[in-house]
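Just target.tsv here, TSV, C-alpha atoms:
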```tsv
chain	number	residue	atom	x	y	z
M	346	MET	CA	148.93	112.77	74.44
M	347	ASN	CA	151.57	113.47	77.02
M	348	ILE	CA	151.30	115.39	80.26
M	349	PHE	CA	152.48	118.64	78.76
M	350	ASP	CA	149.59	118.81	76.29
M	351	LEU	CA	147.10	118.20	79.07
M	352	HIS	CA	148.62	120.97	81.16
M	353	HIS	CA	148.51	123.40	78.21
M	354	LYS	CA	144.80	122.74	77.52
M	355	TRP	CA	143.96	123.12	81.18
M	356	MET	CA	145.68	126.54	81.30
M	357	GLU	CA	143.77	127.75	78.19
M	358	ARG	CA	140.40	126.71	79.68
M	359	LYS	CA	141.29	128.43	82.93
M	360	LYS	CA	142.15	131.73	81.12
M	361	ALA	CA	138.95	131.58	79.03
M	362	SER	CA	136.78	131.05	82.11
M	363	ALA	CA	138.53	133.92	83.93
M	364	LYS	CA	137.99	136.22	80.93
M	365	MET	CA	134.29	135.33	80.70
M	366	LYS	CA	133.88	135.95	84.41
M	367	GLU	CA	135.56	139.37	84.11
M	368	GLU	CA	133.32	140.42	81.18
M	369	THR	CA	130.23	139.33	83.12
M	370	GLU	CA	131.25	141.49	86.07
M	371	GLN	CA	131.90	144.51	83.86
M	372	GLU	CA	128.45	144.19	82.24
M	373	LYS	CA	126.86	144.08	85.68
M	374	ILE	CA	128.74	147.25	86.73
M	375	VAL	CA	127.69	149.12	83.56
M	376	GLN	CA	124.07	148.06	84.02
M	377	GLN	CA	124.11	149.17	87.65
M	378	ASN	CA	125.56	152.60	86.72
M	379	ALA	CA	122.95	153.10	84.00
M	380	GLU	CA	120.15	152.23	86.42
M	381	ALA	CA	121.61	154.61	88.99
M	382	LEU	CA	121.75	157.43	86.46
M	383	ASP	CA	118.17	156.77	85.39
M	384	VAL	CA	117.00	156.86	89.00
M	385	GLU	CA	119.04	159.88	90.13
M	386	SER	CA	118.54	162.25	87.13
M	387	PRO	CA	115.06	161.95	85.60
M	388	ALA	CA	115.01	165.74	85.05
M	389	THR	CA	118.08	165.48	82.84
M	390	ASN	CA	116.38	162.92	80.62
M	391	ALA	CA	113.26	165.07	80.43
M	392	ALA	CA	115.34	168.10	79.46
M	393	GLY	CA	117.05	166.13	76.73
M	394	LYS	CA	113.73	165.01	75.36
M	395	GLN	CA	112.46	168.62	75.53
M	396	GLN	CA	115.51	169.85	73.60
M	397	ASP	CA	114.88	167.23	70.95
M	398	SER	CA	111.28	168.38	70.67
M	399	ASP	CA	112.30	172.07	70.43
M	400	VAL	CA	114.62	171.52	67.47
M	401	ILE	CA	113.15	173.13	64.32
M	402	ASP	CA	113.01	170.76	61.42
M	403	PHE	CA	113.40	173.07	58.43
M	404	GLY	CA	113.14	170.19	56.05
M	405	GLN	CA	109.69	169.31	57.32
M	406	ILE	CA	108.64	172.98	57.19
M	407	TRP	CA	109.85	173.30	53.60
M	408	LYS	CA	107.99	170.13	52.60
M	409	LYS	CA	104.82	171.54	54.17
M	410	ILE	CA	105.21	174.83	52.31
M	411	TRP	CA	106.01	173.10	49.03
M	412	SER	CA	102.93	170.94	49.34
M	413	LYS	CA	100.84	174.16	49.49
M	414	LYS	CA	102.61	175.86	46.59
M	415	LEU	CA	99.44	176.26	44.59
M	416	TRP	CA	97.74	178.04	47.47
M	417	TYR	CA	100.75	180.33	47.84
M	418	ALA	CA	100.72	181.10	44.11
M	419	LEU	CA	97.01	181.92	44.23
M	420	GLY	CA	97.46	184.12	47.30
M	421	PHE	CA	100.38	186.00	45.72
M	422	VAL	CA	98.46	186.63	42.50
M	423	ILE	CA	95.39	187.94	44.33
M	424	THR	CA	97.51	190.11	46.66
M	425	PHE	CA	99.52	191.51	43.74
M	426	ILE	CA	96.39	192.47	41.79
M	427	LEU	CA	94.60	194.05	44.78
M	428	SER	CA	97.68	195.95	45.99
M	429	CYS	CA	98.36	197.28	42.48
M	430	LEU	CA	94.75	198.40	42.06
M	431	TYR	CA	94.89	200.17	45.41
M	432	ILE	CA	98.28	201.88	45.12
M	433	LEU	CA	97.89	202.89	41.46
M	434	ASP	CA	94.65	204.70	42.33
M	435	ILE	CA	96.34	206.91	44.94
M	436	PRO	CA	97.53	210.25	43.43
M	437	ARG	CA	101.27	210.77	43.33
M	438	TYR	CA	102.85	213.78	45.00
M	439	TYR	CA	106.07	215.73	44.55
M	440	GLN	CA	108.37	217.52	46.98
M	441	SER	CA	110.66	220.52	46.62
M	442	ALA	CA	112.94	222.34	49.04
M	443	THR	CA	114.77	225.62	49.36
M	444	THR	CA	117.11	227.03	52.01
M	445	MET	CA	118.13	230.56	52.89
M	446	ALA	CA	120.39	232.24	55.43
M	447	PRO	CA	119.52	235.67	56.91
M	448	GLU	CA	122.46	238.09	57.25
M	449	THR	CA	122.12	240.97	59.73
M	450	GLU	CA	124.56	243.56	61.04
M	451	THR	CA	124.83	243.35	64.80
M	452	ALA	CA	126.93	245.24	67.27
M	453	PRO	CA	130.25	243.50	68.04
M	454	SER	CA	130.28	241.69	71.33
M	455	SER	CA	133.02	240.27	73.47
M	456	GLY	CA	133.48	236.63	74.23
M	457	GLY	CA	134.30	235.31	70.79
M	458	MET	CA	135.94	232.20	72.20
M	459	LEU	CA	132.89	231.58	74.39
M	460	ASN	CA	130.55	231.93	71.40
M	461	SER	CA	132.63	229.45	69.41
M	462	LEU	CA	132.64	226.95	72.27
M	463	ALA	CA	128.90	227.31	72.81
M	464	SER	CA	128.13	226.90	69.10
M	465	SER	CA	129.94	223.56	69.09
M	466	PHE	CA	127.31	222.35	71.59
M	467	GLY	CA	124.43	223.73	69.52
M	468	VAL	CA	123.91	226.89	71.64
M	469	ASN	CA	123.89	230.30	69.94
M	470	LEU	CA	124.79	232.99	72.48
M	471	SER	CA	124.15	235.79	69.99
M	472	GLN	CA	120.47	234.83	69.97
M	473	MET	CA	120.40	234.84	73.76
M	474	GLN	CA	121.89	238.36	73.82
M	475	SER	CA	119.48	239.61	71.15
M	476	SER	CA	116.44	241.65	72.15
M	477	ASP	CA	114.20	240.11	69.45
M	478	ALA	CA	111.09	238.44	70.81
M	479	ILE	CA	110.89	236.12	67.80
M	480	GLN	CA	114.11	234.14	67.51
M	481	PRO	CA	114.97	232.15	64.35
M	482	LEU	CA	114.17	228.91	66.16
M	483	ILE	CA	110.55	230.08	66.47
M	484	TYR	CA	110.10	230.63	62.71
M	485	PRO	CA	108.72	227.08	62.16
M	486	ASP	CA	105.92	227.90	64.61
M	487	LEU	CA	104.65	230.55	62.19
M	488	MET	CA	102.85	227.77	60.32
M	489	ASN	CA	100.69	227.29	63.42
M	490	ASP	CA	99.37	230.84	63.04
M	491	ASN	CA	96.23	231.11	60.90
M	492	GLY	CA	97.14	234.67	59.98
M	493	PHE	CA	100.44	233.67	58.37
M	494	VAL	CA	98.91	230.64	56.64
M	495	ALA	CA	96.05	232.75	55.28
M	496	GLN	CA	98.60	234.98	53.52
M	497	LEU	CA	99.39	231.98	51.31
M	498	PHE	CA	95.82	231.73	49.97
M	499	ASN	CA	96.44	234.22	47.14
M	500	ILE	CA	99.64	232.68	45.79
M	501	LYS	CA	99.34	232.46	42.02
M	502	ILE	CA	100.11	228.94	40.82
M	503	HIS	CA	99.92	227.01	37.57
M	504	THR	CA	100.49	223.37	36.72
M	505	ILE	CA	103.40	222.12	34.65
M	506	ASP	CA	101.15	221.62	31.60
M	507	ASP	CA	99.40	225.01	32.12
M	508	SER	CA	96.03	223.29	32.31
M	509	ILE	CA	95.29	224.98	35.65
M	510	SER	CA	96.11	228.58	36.53
M	511	THR	CA	94.54	229.86	39.74
M	512	THR	CA	95.23	230.71	43.37
M	513	TYR	CA	96.58	228.21	45.85
M	514	TYR	CA	93.29	228.33	47.78
M	515	ASN	CA	91.23	227.36	44.71
M	516	TYR	CA	93.79	224.73	43.73
M	517	LEU	CA	93.41	222.96	47.08
M	518	ARG	CA	89.64	223.30	47.11
M	519	TYR	CA	88.67	222.43	43.53
M	520	HIS	CA	91.61	220.81	41.75
M	521	GLN	CA	92.85	218.07	44.09
M	522	LYS	CA	92.90	214.47	42.86
M	523	GLN	CA	91.37	211.81	45.09
M	524	SER	CA	91.47	208.04	45.06
M	525	SER	CA	88.31	206.11	44.21
M	526	LEU	CA	88.29	204.60	47.68
M	527	SER	CA	88.28	208.07	49.25
M	528	LYS	CA	85.39	209.16	47.05
M	529	VAL	CA	83.38	206.07	47.96
M	530	GLN	CA	84.11	206.61	51.64
M	531	GLU	CA	83.00	210.24	51.48
M	532	SER	CA	79.78	209.32	49.68
M	533	ILE	CA	79.00	206.66	52.30
M	534	MET	CA	79.76	208.93	55.26
M	535	ALA	CA	78.01	212.00	53.81
M	536	PRO	CA	74.49	211.16	55.12
M	537	PHE	CA	75.83	210.59	58.63
M	538	ARG	CA	77.79	213.83	58.91
M	539	LYS	CA	76.49	216.87	60.67
M	540	GLU	CA	76.01	220.06	58.74
M	541	ASP	CA	79.34	221.79	58.28
M	542	TYR	CA	79.93	225.02	60.13
M	543	LYS	CA	79.79	227.77	57.53
M	544	GLY	CA	81.60	230.37	59.62
M	545	PRO	CA	80.64	234.00	60.15
M	546	LYS	CA	78.55	235.86	57.63
M	547	GLN	CA	80.86	238.23	55.82
M	548	ASP	CA	80.04	240.90	53.29
M	549	LYS	CA	82.16	241.37	50.22
M	550	LYS	CA	83.54	244.57	51.66
M	551	GLN	CA	84.33	242.93	55.01
M	552	LYS	CA	87.93	241.81	55.50
M	553	PHE	CA	88.57	238.07	55.82
M	554	ASN	CA	89.21	237.03	59.43
M	555	PRO	CA	91.66	234.08	59.49
M	556	TYR	CA	90.88	233.41	63.15
M	557	TYR	CA	87.15	232.93	62.57
M	558	VAL	CA	86.71	230.63	59.58
M	559	SER	CA	84.32	227.98	58.26
M	560	LYS	CA	85.03	224.26	58.35
M	561	LYS	CA	86.01	224.17	54.67
M	562	ASP	CA	88.47	227.01	55.13
M	563	ASN	CA	89.83	225.34	58.25
M	564	ASP	CA	90.36	222.10	56.30
M	565	ILE	CA	92.29	224.05	53.66
M	566	ILE	CA	94.43	225.69	56.36
M	567	GLU	CA	95.23	222.26	57.80
M	568	ALA	CA	96.08	220.97	54.32
M	569	ILE	CA	98.51	223.87	53.83
M	570	ARG	CA	100.18	223.03	57.15
M	571	GLN	CA	100.66	219.45	55.98
M	572	ASN	CA	102.05	220.52	52.60
M	573	ILE	CA	104.49	223.17	53.87
M	574	SER	CA	107.07	222.80	56.62
M	575	ILE	CA	109.74	225.21	57.90
M	576	SER	CA	112.80	224.18	59.89
M	577	VAL	CA	115.85	226.03	61.25
M	578	ASP	CA	119.35	224.73	61.88
M	579	LYS	CA	120.29	225.58	65.48
M	580	LYS	CA	123.98	226.07	64.73
M	581	THR	CA	123.92	227.96	61.43
M	582	ASN	CA	120.42	229.54	61.53
M	583	VAL	CA	119.87	228.30	57.96
M	584	ILE	CA	116.13	228.22	57.24
M	585	SER	CA	114.83	225.25	55.24
M	586	ILE	CA	111.45	225.25	53.52
M	587	ASN	CA	109.93	221.99	52.23
M	588	THR	CA	106.78	221.88	50.13
M	589	GLN	CA	104.58	219.10	48.78
M	590	ALA	CA	101.97	219.13	46.00
M	591	GLN	CA	100.41	216.88	43.40
M	592	ASP	CA	102.06	218.84	40.58
M	593	PRO	CA	105.84	219.46	40.32
M	594	MET	CA	105.52	223.06	39.10
M	595	VAL	CA	103.07	223.93	41.88
M	596	CYS	CA	105.53	222.44	44.35
M	597	LYS	CA	108.34	224.70	43.09
M	598	ILE	CA	106.17	227.84	43.02
M	599	LEU	CA	105.06	227.16	46.59
M	600	ALA	CA	108.65	226.90	47.84
M	601	ASP	CA	109.66	230.20	46.22
M	602	SER	CA	106.51	232.00	47.39
M	603	VAL	CA	106.79	230.81	50.98
M	604	ARG	CA	110.43	231.87	51.06
M	605	GLN	CA	109.47	235.33	49.82
M	606	ARG	CA	106.60	235.67	52.32
M	607	LEU	CA	108.87	234.53	55.15
M	608	GLN	CA	111.51	237.07	54.12
M	609	GLU	CA	108.90	239.83	54.16
M	610	PHE	CA	107.65	238.75	57.58
M	611	ILE	CA	111.14	238.63	59.09
M	612	THR	CA	112.09	241.97	57.52
M	613	ASN	CA	108.89	243.67	58.70
M	614	TYR	CA	109.32	242.32	62.21
M	615	ARG	CA	113.00	243.16	62.64
M	616	THR	CA	112.60	246.66	61.18
M	617	SER	CA	109.19	247.56	62.66
M	618	LYS	CA	110.64	249.69	65.49
M	619	SER	CA	113.26	251.28	63.25
M	620	ARG	CA	110.65	252.12	60.61
M	621	LYS	CA	108.47	253.73	63.27
M	622	ASP	CA	111.46	255.77	64.44
M	623	VAL	CA	112.16	256.86	60.85
M	624	GLU	CA	108.52	257.87	60.35
M	625	TYR	CA	108.50	259.76	63.66
M	626	TYR	CA	111.69	261.72	62.94
M	627	GLN	CA	110.57	262.29	59.37
M	628	LYS	CA	107.38	263.94	60.63
M	629	LEU	CA	109.27	266.09	63.15
M	630	THR	CA	111.80	267.11	60.51
M	631	ASN	CA	109.07	268.06	58.03
M	632	ASP	CA	107.29	270.14	60.68
M	633	ALA	CA	110.54	271.85	61.71
M	634	ARG	CA	111.38	272.62	58.10
M	635	ALA	CA	107.91	274.02	57.42
M	636	THR	CA	108.13	276.25	60.51
M	637	TYR	CA	111.61	277.42	59.51
M	638	GLU	CA	110.51	278.19	55.95
M	639	LYS	CA	107.54	280.18	57.22
M	640	THR	CA	109.71	282.26	59.56
M	641	ARG	CA	112.31	282.79	56.84
M	642	ARG	CA	109.68	284.13	54.43
M	643	GLN	CA	108.39	286.50	57.14
M	644	TYR	CA	111.91	287.70	57.80
M	645	ALA	CA	112.56	288.31	54.12
M	646	THR	CA	109.28	290.20	53.69
M	647	ILE	CA	109.83	292.47	56.71
M	648	SER	CA	113.43	293.09	55.72
M	649	ASP	CA	112.38	294.20	52.23
M	650	GLN	CA	109.61	296.45	53.56
M	651	ASN	CA	111.83	298.23	56.12
M	652	MET	CA	115.03	298.49	54.13
M	653	ASP	CA	115.21	302.29	54.24
M	654	LEU	CA	113.62	302.73	57.69
M	655	LEU	CA	115.74	303.42	60.72
M	656	LEU	CA	113.13	302.92	63.45
M	657	GLU	CA	114.44	300.98	66.41
M	658	THR	CA	111.15	299.07	66.79
M	659	GLU	CA	111.41	297.72	63.28
M	660	LYS	CA	115.06	296.85	63.78
M	661	SER	CA	114.30	294.93	66.97
M	662	LYS	CA	111.47	293.11	65.25
M	663	ILE	CA	113.79	292.08	62.44
M	664	GLU	CA	116.42	290.92	64.94
M	665	ASP	CA	113.82	288.84	66.84
M	666	LEU	CA	112.75	287.18	63.59
M	667	GLU	CA	116.38	286.54	62.72
M	668	ASN	CA	117.05	284.91	66.12
M	669	THR	CA	113.87	282.83	65.86
M	670	MET	CA	114.81	281.77	62.37
M	671	GLN	CA	118.27	280.74	63.57
M	672	LEU	CA	116.82	278.67	66.43
M	673	GLN	CA	114.36	276.99	64.10
M	674	TYR	CA	117.15	276.24	61.65
M	675	ASN	CA	119.24	274.69	64.42
M	676	ALA	CA	116.27	272.56	65.50
M	677	TYR	CA	115.66	271.50	61.90
M	678	THR	CA	119.34	270.58	61.48
M	679	ALA	CA	119.36	268.53	64.71
M	680	LEU	CA	116.17	266.65	63.72
M	681	ASN	CA	117.58	266.02	60.26
M	682	MET	CA	120.68	264.45	61.84
M	683	GLN	CA	118.49	262.25	64.03
M	684	LEU	CA	116.49	261.27	60.93
M	685	GLU	CA	119.66	260.19	59.15
M	686	ALA	CA	120.73	258.23	62.25
M	687	ALA	CA	117.33	256.48	62.31
M	688	ARG	CA	117.66	255.62	58.61
M	689	THR	CA	121.13	254.22	59.24
M	690	LYS	CA	119.76	252.08	62.06
M	691	LEU	CA	116.95	250.89	59.79
M	692	ARG	CA	119.46	249.82	57.15
M	693	MET	CA	121.53	248.08	59.83
M	694	TYR	CA	118.61	246.03	61.14
M	695	THR	CA	117.23	245.19	57.70
M	696	PRO	CA	118.26	241.55	57.08
M	697	VAL	CA	119.78	240.47	53.81
M	698	PHE	CA	118.82	236.98	52.78
M	699	THR	CA	121.12	234.67	50.87
M	700	THR	CA	119.48	231.81	49.01
M	701	VAL	CA	121.67	228.80	49.79
M	702	GLU	CA	119.63	226.35	47.71
M	703	GLY	CA	116.98	227.39	45.25
M	704	ALA	CA	113.76	225.46	44.71
M	705	ALA	CA	113.87	223.15	41.71
M	706	VAL	CA	111.08	221.48	39.76
M	707	PRO	CA	111.12	217.85	40.94
M	708	ILE	CA	111.51	215.26	38.23
M	709	LYS	CA	110.50	212.11	40.09
M	710	PRO	CA	107.52	211.83	42.43
M	711	ALA	CA	108.27	211.48	46.13
M	712	GLY	CA	105.46	209.05	46.79
M	713	PRO	CA	103.65	206.86	47.26
M	714	LYS	CA	106.35	204.18	46.92
M	715	ARG	CA	104.42	201.72	44.78
M	716	MET	CA	107.00	198.95	44.45
M	717	ILE	CA	107.78	198.98	48.16
M	718	PHE	CA	104.08	198.85	49.01
M	719	VAL	CA	103.42	195.87	46.71
M	720	ALA	CA	106.50	194.02	48.01
M	721	PHE	CA	105.39	194.60	51.61
M	722	CYS	CA	101.89	193.27	50.84
M	723	LEU	CA	103.36	190.13	49.25
M	724	PHE	CA	105.65	189.56	52.24
M	725	LEU	CA	102.74	190.02	54.64
M	726	THR	CA	100.68	187.53	52.61
M	727	PHE	CA	103.49	184.97	52.86
M	728	ILE	CA	103.69	185.43	56.66
M	729	VAL	CA	99.94	185.05	57.16
M	730	MET	CA	99.59	182.02	54.87
M	731	SER	CA	102.62	180.34	56.45
M	732	PHE	CA	101.15	180.80	59.90
M	733	VAL	CA	97.84	179.26	58.77
M	734	PHE	CA	99.46	176.28	57.07
M	735	LEU	CA	102.13	175.62	59.72
M	736	LYS	CA	100.16	176.31	62.89
M	737	ASP	CA	99.49	172.59	63.49
M	738	LEU	CA	103.18	171.84	63.14
M	739	ILE	CA	104.19	174.75	65.37
M	740	PHE	CA	101.75	173.98	68.19
M	741	LYS	CA	102.54	170.29	67.99
M	742	LYS	CA	106.21	171.08	68.51
M	743	LYS	CA	105.37	173.16	71.58
M	744	GLU	CA	103.24	170.40	73.06
```
The structure in this file should be written as structure tokens.
Amino acid sequence: MNIFDLHHKWMERKKASAKMKEETEQEKIVQQNAEALDVESPATNAAGKQQDSDVIDFGQIWKKIWSKKLWYALGFVITFILSCLYILDIPRYYQSATTMAPETETAPSSGGMLNSLASSFGVNLSQMQSSDAIQPLIYPDLMNDNGFVAQLFNIKIHTIDDSISTTYYNYLRYHQKQSSLSKVQESIMAPFRKEDYKGPKQDKKQKFNPYYVSKKDNDIIEAIRQNISISVDKKTNVISINTQAQDPMVCKILADSVRQRLQEFITNYRTSKSRKDVEYYQKLTNDARATYEKTRRQYATISDQNMDLLLETEKSKIEDLENTMQLQYNAYTALNMQLEAARTKLRMYTPVFTTVEGAAVPIKPAGPKRMIFVAFCLFLTFIVMSFVFLKDLIFKKKE
């Protein structure tokens, strides 16, 4: 071994020792930095641990649910049977609707551009300029009046199979279907109820007072309010009538009858003053005509009796009758013109109704929604059972 080999080995050992020393120093630096981080930021480590604990492990949740699959199946079966028994026992109901638009002749007014601009914002200036106390927007409030609702008692209705033919009042009182649960509830609560108010004692000849009724009649009035609704479009004044009943034919008859009763009410209200004016001028015209006819007969009789007489007294008497007859004729003619003007005004204020959509016999029931109800009950059962089975896992995660 020469001197060059010794020198080469010495250089390799020196490099290896320097490299080991450098790695040892780097490990010390890394260890010191880690200790410094652990000392300076304990909150950061706690937050990281908290984030790890807040992570939802869906796999674990699914395993927990799958392990309870028999319980879920049993709960779904029981819920399905009970919900079906409940919802199938509730009577189904139908809905029908009709719309109409009243057409009236009104005096032309200025400001057409202003009316168009206001109508775009849902404001009808023609209604604001009208002298009517009952505006179309108030028509839905008629259902709050017992007098208007009581007019619907005598509506003649019949079911689609013609098994029932009676008045709407008797239909609501004696021919309504009820669920078994409602019957059981009524039988249980019957002993605890106070005696129903029977209302005023009325003779058969006494007129029914819709503002002083018994509790049964009041319940029927409230049922009618729930089954019939009236709404008005603010922009177009189109009146919509919606009805609800347990029979589709009854539902359709109700819509048509309520539309007819509402038309009569609106017509009677809008023409009440004009009809009174026509009746007043008709009476005055009849009286004026009767007076004129009486005077004319007297004039004709006196003229025939004194045809050949030349006495001035008789002539003056005939002239006085002639002048009186002429004045009475003029008065009769003037009153007759006023009567025609009043009739023209009555025709002008009489509304003409256009049926926009007629009431149809509904084919499908409007409710109750049986499938939706059963699906909701099953979903609610799943939520409740999942909470019971997973509560330990959920609270453990929070802790």
**Message:** Residues within 10 Å of (101.4, 196.2, 50.5), file coordinates, counting all atoms listed in the file: what are they? Give the list as number ranges by chain.
**Reply:** M: 424-425, 427-429, 431-432, 715-726
Calculate, to one decimal in Å, the centre and edge lengths of the box along x, y and z of the file that holds all listed atoms of range 569-576 of chain M with 6 Å of margin on each side, and present them as lines of an AutoDock Vina configuration file.
```
center_x = 105.7
center_y = 222.3
center_z = 56.2
size_x = 26.3
size_y = 17.8
size_z = 19.3
```
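Straight-line separation from CA of Trp407 in chain M to CA of Ile728 in chain M: 13.9 Å.
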**Message:** Which residue is closest to Leu419 in chain M? Choose from M:Asn613, M:Asp562, M:Phe727, M:Ser661 and count only C-alpha atoms.
**Reply:** M:Phe727
**Item:** Point-to-point distance in Å for CA of Asn631 in chain M and CA of Glu685 in chain M
**Value:**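 Computing the Euclidean distance for CA of Glu685 in chain M and CA of Asn631 in chain M yields 13.2 Å.
The space separating CA of Pro485 in chain M from CA of Arg615 in chain M comes to 16.6 Å.
Each of M:Phe537, M:Tyr438, M:Phe498, M:Phe403 was compared to Lys522 in chain M using all atoms listed in the file, and M:Tyr438 turns out to be the nearest.
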**Message:** My list of candidates is M:Pro536, M:Pro447, M:Gly404, M:Pro436. Which is closest to Arg604 in chain M when distances are computed with only C-alpha atoms?
**Reply:**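 Nearest to Arg604 in chain M: M:Pro447.
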**Item:** Selected residue of minimal separation from Tyr614 in chain M among M:Ile566, M:Glu368, M:Arg641, M:Pro481, counting only C-alpha atoms
**Value:** M:Pro481
**Item:** Neighbour list for Gln589 in chain M as number ranges by chain, cut-off 6 Å, all atoms listed in the file, skip fewer than 6 positions in-chain
**Value:** M: 439-440, 572, 596
Residues from last step as file, C-alpha atoms, as a short mmCIF file (atom, residue, chain, number, x, y, z; two decimals), in the coordinates of the input:
```
data_model
loop_
_atom_site.label_atom_id
_atom_site.label_comp_id
_atom_site.auth_asym_id
_atom_site.auth_seq_id
_atom_site.Cartn_x
_atom_site.Cartn_y
_atom_site.Cartn_z
CA TYR M 439 106.07 215.73 44.55
CA GLN M 440 108.37 217.52 46.98
CA ASN M 572 102.05 220.52 52.60
CA CYS M 596 105.53 222.44 44.35
#
```
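If you measure from each of M:Asn515, M:Asn681, M:Ser524, M:Ser602 to Leu433 in chain M using all atoms listed in the file, the closest one turns out to be M:Ser524.
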**Fill in**
Residue with the minimum atom-to-atom distance to Ala704 in chain M, picked from M:Thr588, M:Asn582, M:Gln671, M:Ser574 with all atoms listed in the file counted, is M:Thr588
Point (116.8, 227.3, 49.3) neighbourhood (9 Å, only C-alpha atoms) written as a short mmCIF file (atom, residue, chain, number, x, y, z; two decimals) with C-alpha atoms, in the coordinates of the input:
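The new file point11.cif reads:
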```cif
data_model
loop_
_atom_site.label_atom_id
_atom_site.label_comp_id
_atom_site.auth_asym_id
_atom_site.auth_seq_id
_atom_site.Cartn_x
_atom_site.Cartn_y
_atom_site.Cartn_z
CA ALA M 442 112.94 222.34 49.04
CA THR M 443 114.77 225.62 49.36
CA THR M 444 117.11 227.03 52.01
CA MET M 445 118.13 230.56 52.89
CA ALA M 446 120.39 232.24 55.43
CA ILE M 584 116.13 228.22 57.24
CA SER M 585 114.83 225.25 55.24
CA ILE M 586 111.45 225.25 53.52
CA ALA M 600 108.65 226.90 47.84
CA ASP M 601 109.66 230.20 46.22
CA ARG M 604 110.43 231.87 51.06
CA THR M 699 121.12 234.67 50.87
CA THR M 700 119.48 231.81 49.01
CA VAL M 701 121.67 228.80 49.79
CA GLU M 702 119.63 226.35 47.71
CA GLY M 703 116.98 227.39 45.25
CA ALA M 704 113.76 225.46 44.71
#
```
Please produce range 635-647 of chain M, completed to N, CA and C atoms, as a CSV table (one decimal), in the frame of the given file.
```
chain,number,residue,atom,x,y,z
M,635,ALA,N,109.0,273.1,57.8
M,635,ALA,CA,107.9,274.0,57.4
M,635,ALA,C,107.9,275.3,58.3
M,636,THR,N,108.1,275.1,59.6
M,636,THR,CA,108.1,276.2,60.5
M,636,THR,C,109.3,277.2,60.2
M,637,TYR,N,110.4,276.6,59.9
M,637,TYR,CA,111.6,277.4,59.5
M,637,TYR,C,111.4,278.2,58.2
M,638,GLU,N,110.8,277.5,57.2
M,638,GLU,CA,110.5,278.2,56.0
M,638,GLU,C,109.5,279.3,56.1
M,639,LYS,N,108.5,279.1,57.0
M,639,LYS,CA,107.5,280.2,57.2
M,639,LYS,C,108.2,281.4,57.9
M,640,THR,N,109.0,281.2,58.9
M,640,THR,CA,109.7,282.3,59.6
M,640,THR,C,110.7,283.0,58.6
M,641,ARG,N,111.4,282.2,57.8
M,641,ARG,CA,112.3,282.8,56.8
M,641,ARG,C,111.6,283.7,55.8
M,642,ARG,N,110.4,283.3,55.4
M,642,ARG,CA,109.7,284.1,54.4
M,642,ARG,C,109.2,285.4,55.1
M,643,GLN,N,108.8,285.3,56.4
M,643,GLN,CA,108.4,286.5,57.1
M,643,GLN,C,109.6,287.4,57.3
M,644,TYR,N,110.7,286.9,57.6
M,644,TYR,CA,111.9,287.7,57.8
M,644,TYR,C,112.3,288.4,56.5
M,645,ALA,N,112.2,287.7,55.4
M,645,ALA,CA,112.6,288.3,54.1
M,645,ALA,C,111.6,289.4,53.8
M,646,THR,N,110.3,289.2,54.0
M,646,THR,CA,109.3,290.2,53.7
M,646,THR,C,109.5,291.5,54.5
M,647,ILE,N,109.7,291.3,55.8
M,647,ILE,CA,109.8,292.5,56.7
M,647,ILE,C,111.1,293.2,56.4
```
